[in-house]
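Asker: One structure coming up, written as structure tokens, with questions to follow.
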Amino acid sequence: MNKLTTRVQQANSLLCIGLDPTGDDAFVATRLREVIAQTAEFAAAFKPNLAFFLSRENGVALLRETVALIPKDIPVILDGKFGDIANTAEHYAQFAYDRIGADAVTVNPYMGDDAIVPFARPNKMVFVLAKTSNKPAHSLQDVALTRGGYVSDVAAHISCELDEQHHNIGLVVGATDAAAIARVRESCPSQWFLVPGVGAQGGDLAATLHAGLRADGLGVLINASRAIWQAADAGAAARTLYQQINDLRPVAAHA
């Protein structure tokens, strides 16, 4: 948490660079170096997506090499969406933190505390899936509760309670539903949100910041993956989004 806050303040950035590498191995190895080098100055964090590495024969080695390329003062969020019982989750945590060197992970909370707590090590951070950016035909997250609210609200509530004890639990809340972001922010006023869905998925940046920013202008990491990976100039694409976010931050935080 401290590393993230320090980086956000030093870089004046809320931009998270997603690394979802596509293409043949030779292209990917070169492109990863380019994207990291060209975007690092604008990055509050980098988020390698585990699936895009594991699908390759040299995936784990490539992931470790990629993390090593990222400047040490920039947090690395390993997007594995881990979610299993505690003894298995402990091994996932060892992989993410001890083998790969990540600073944070994403976790699916379907199995409850067991799936989250093993990742909540000191000096690490956990982003729990609450309301994701995809819009499936059948969504468990959007099931309404008889007492009001939705299943996604339960995930947020559990995460907030765990954060009171561990002080390093954030939430994943997608930019494709600004109303959900506002609802989760109301119930979780101090937590950091990792927000995918701006860009290729069509999330509204201004509405996202208005709904999700804390009063201090922090608390939201806007993730961009395809929009930067596929750009002819990754640095220029990152700079543009970085500037758009910062132009909107003062207005959204005080609206």
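Residues in the structure tokens are numbered from 1 in each chain, the chains being A, B, ... in the order shown, and ligands are numbered from 1 in the order shown.
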If you count only C-alpha atoms, which residues fall within 9 Å of Ile17 in chain A, apart from same-chain ones fewer than 2 positions away, as a list in words?
Answerer: Leu15, Leu19, Val35, Ile36, Thr39, Ala40, Phe42, Ala43, Ala44, Ala45, Phe46, Lys47, Pro48, Ile222, Asn223, Ala224, Ser225, Ile228 and Ala238 of chain A
Asker: So how many Å separate CA of Ala234 in chain A and CA of Glu34 in chain A, to one decimal?
Answerer: 7.9 Å
Asker: Report, in Å to a single decimal, how far apart CA of His157 in chain A and CA of Thr176 in chain A are.
Answerer: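 CA of His157 in chain A lies at a distance of 20.4 Å from CA of Thr176 in chain A.
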Asker: So which one's closest to Pro21 in chain A, A:Arg56, A:Arg121, A:Lys131, A:His167? Using only C-alpha atoms, please.
Answerer: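 Nearest to Pro21 in chain A: A:Arg56.
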Asker: Step one, run DSSP on the backbone; step two, keep only residues of range 15-221 of chain A assigned to helix (DSSP H, G or I); then write them as a count of residues only.
Answerer: 92
Asker: If we count only C-alpha atoms and set the cut-off at 12 Å, which residues sit around Leu248 in chain A, ignoring sequence neighbours fewer than 6 positions away in its own chain? Please answer as a list in words.
Answerer: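 What passes the distance filter is Ser13, Leu14, Asp204, Leu205, Ala206, Ala207, Thr208, Leu209, His210, Ala211, Leu213, Gly217, Leu241, Tyr242, His254 and Ala255 of chain A.
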Asker: Excluding range 161-164 of chain A and any residue of its chain fewer than 2 positions from it, enumerate the residues within 10 Å of it, using only C-alpha atoms, and give them as a ChimeraX atom specification.
Answerer: /A:113,116-117,120,126,156-159,166-170,188,190-191
Asker: Can you spit out the residues from that selection as a PDB file, in the first residue's frame, using C-alpha atoms?
Answerer:
```pdb
ATOM      1  CA  ASP A 113     -11.863 -15.502   3.335  1.00  0.00           C
ATOM      2  CA  ILE A 116      -8.133 -13.922   0.099  1.00  0.00           C
ATOM      3  CA  VAL A 117      -6.244 -14.024   3.393  1.00  0.00           C
ATOM      4  CA  ALA A 120      -2.675 -10.579   2.440  1.00  0.00           C
ATOM      5  CA  VAL A 126      -4.724  -7.903  -2.736  1.00  0.00           C
ATOM      6  CA  ALA A 156     -17.061  -5.606  -1.523  1.00  0.00           C
ATOM      7  CA  HIS A 157     -18.386  -5.833   2.035  1.00  0.00           C
ATOM      8  CA  ILE A 158     -16.244  -8.887   2.843  1.00  0.00           C
ATOM      9  CA  SER A 159     -13.204  -7.124   1.422  1.00  0.00           C
ATOM     10  CA  HIS A 166      -5.060  -6.515   7.194  1.00  0.00           C
ATOM     11  CA  HIS A 167      -4.927  -2.941   5.796  1.00  0.00           C
ATOM     12  CA  ASN A 168      -3.945  -4.113   2.312  1.00  0.00           C
ATOM     13  CA  ILE A 169      -7.160  -5.202   0.591  1.00  0.00           C
ATOM     14  CA  GLY A 170      -8.401  -3.340  -2.488  1.00  0.00           C
ATOM     15  CA  CYS A 188     -15.830   1.175   0.916  1.00  0.00           C
ATOM     16  CA  SER A 190     -11.028   4.339   1.796  1.00  0.00           C
ATOM     17  CA  GLN A 191     -10.012   1.356  -0.340  1.00  0.00           C
TER      18      GLN A 191
END
```
Asker: For Leu171 in chain A, which of A:Thr6, A:Lys81, A:Pro75, A:Ala26 is the closest residue, counting only C-alpha atoms?
Answerer: A:Lys81
Asker: Within 8 Å of Lys3 in chain A, counting only C-alpha atoms, which residues qualify if same-chain residues fewer than 4 places away don't, as a list of chain:residue names?
Answerer: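 Residues near the query, excluding close chain neighbours: A:Arg7, A:Asp73, A:Ile74, A:Pro75.
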Asker: Any chance you can output those residues with N, CA and C atoms as an mmCIF file, in the first residue's frame?
Answerer:
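File produced: selection36.cif:
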```
data_model
loop_
_atom_site.group_PDB
_atom_site.id
_atom_site.type_symbol
_atom_site.label_atom_id
_atom_site.label_comp_id
_atom_site.auth_asym_id
_atom_site.auth_seq_id
_atom_site.Cartn_x
_atom_site.Cartn_y
_atom_site.Cartn_z
ATOM 1 N N ARG A 7 4.397 5.746 -5.182
ATOM 2 C CA ARG A 7 4.567 5.821 -6.634
ATOM 3 C C ARG A 7 3.516 6.737 -7.257
ATOM 4 N N ASP A 73 10.652 0.795 -8.214
ATOM 5 C CA ASP A 73 9.748 1.657 -7.452
ATOM 6 C C ASP A 73 8.315 1.621 -7.978
ATOM 7 N N ILE A 74 8.067 0.853 -9.054
ATOM 8 C CA ILE A 74 6.722 0.762 -9.622
ATOM 9 C C ILE A 74 6.110 -0.574 -9.224
ATOM 10 N N PRO A 75 4.958 -0.573 -8.544
ATOM 11 C CA PRO A 75 4.335 -1.826 -8.122
ATOM 12 C C PRO A 75 3.934 -2.710 -9.298
#
```
Asker: Quick one: DSSP strand (DSSP E or B) residues in range 9-242 of chain A, as a PyMOL selection string?
Answerer: chain A and resi 15-19+45-49+76-82+104-107+125-131+144+150+169-173+193-195+198+203+220-224
Asker: With only C-alpha atoms as the atoms that count, which of A:Leu221, A:Leu63, A:Leu4, A:Cys160 lies nearest to Met125 in chain A?
Answerer: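 For Met125 in chain A, the nearest of the given residues is A:Leu4.
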Asker: For Ile85 in chain A, which residue out of A:Met1, A:Ala178, A:Val28, A:Ala115 is the nearest one, using only C-alpha atoms?
Answerer: A:Ala115
Asker: If we count only C-alpha atoms, what is near Ile181 in chain A at a cut-off of 9 Å, once residues fewer than 4 positions away on the same chain are taken out, given as a ChimeraX atom specification?
Answerer: /A:131,173-175,177,185-186,193,208,211-212
Asker: Find the residues around Pro189 in chain A up to 9 Å (only C-alpha atoms counted), leave out those fewer than 5 positions away in its own chain, and share them as a PyMOL selection string.
Answerer: chain A and resi 184+214+219
Asker: Export N, CA and C atoms of the chosen residues as an mmCIF file, in the first residue's frame?
Answerer:
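Listed below is the output, selection_9.cif:
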```
data_model
loop_
_atom_site.group_PDB
_atom_site.id
_atom_site.type_symbol
_atom_site.label_atom_id
_atom_site.label_comp_id
_atom_site.auth_asym_id
_atom_site.auth_seq_id
_atom_site.Cartn_x
_atom_site.Cartn_y
_atom_site.Cartn_z
ATOM 1 N N VAL A 184 -20.085 0.868 -4.674
ATOM 2 C CA VAL A 184 -18.991 0.249 -3.927
ATOM 3 C C VAL A 184 -18.179 1.314 -3.188
ATOM 4 N N ARG A 214 -11.533 9.028 -4.353
ATOM 5 C CA ARG A 214 -11.733 9.527 -2.993
ATOM 6 C C ARG A 214 -11.617 11.050 -3.001
ATOM 7 N N GLY A 219 -7.111 6.716 -4.868
ATOM 8 C CA GLY A 219 -7.994 5.577 -4.609
ATOM 9 C C GLY A 219 -8.437 4.810 -5.834
#
```
Asker: How far is it from CA of Leu32 in chain A to CA of Trp229 in chain A, in Å with one decimal?
Answerer: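 Here the two named atoms are 8.6 Å from each other.
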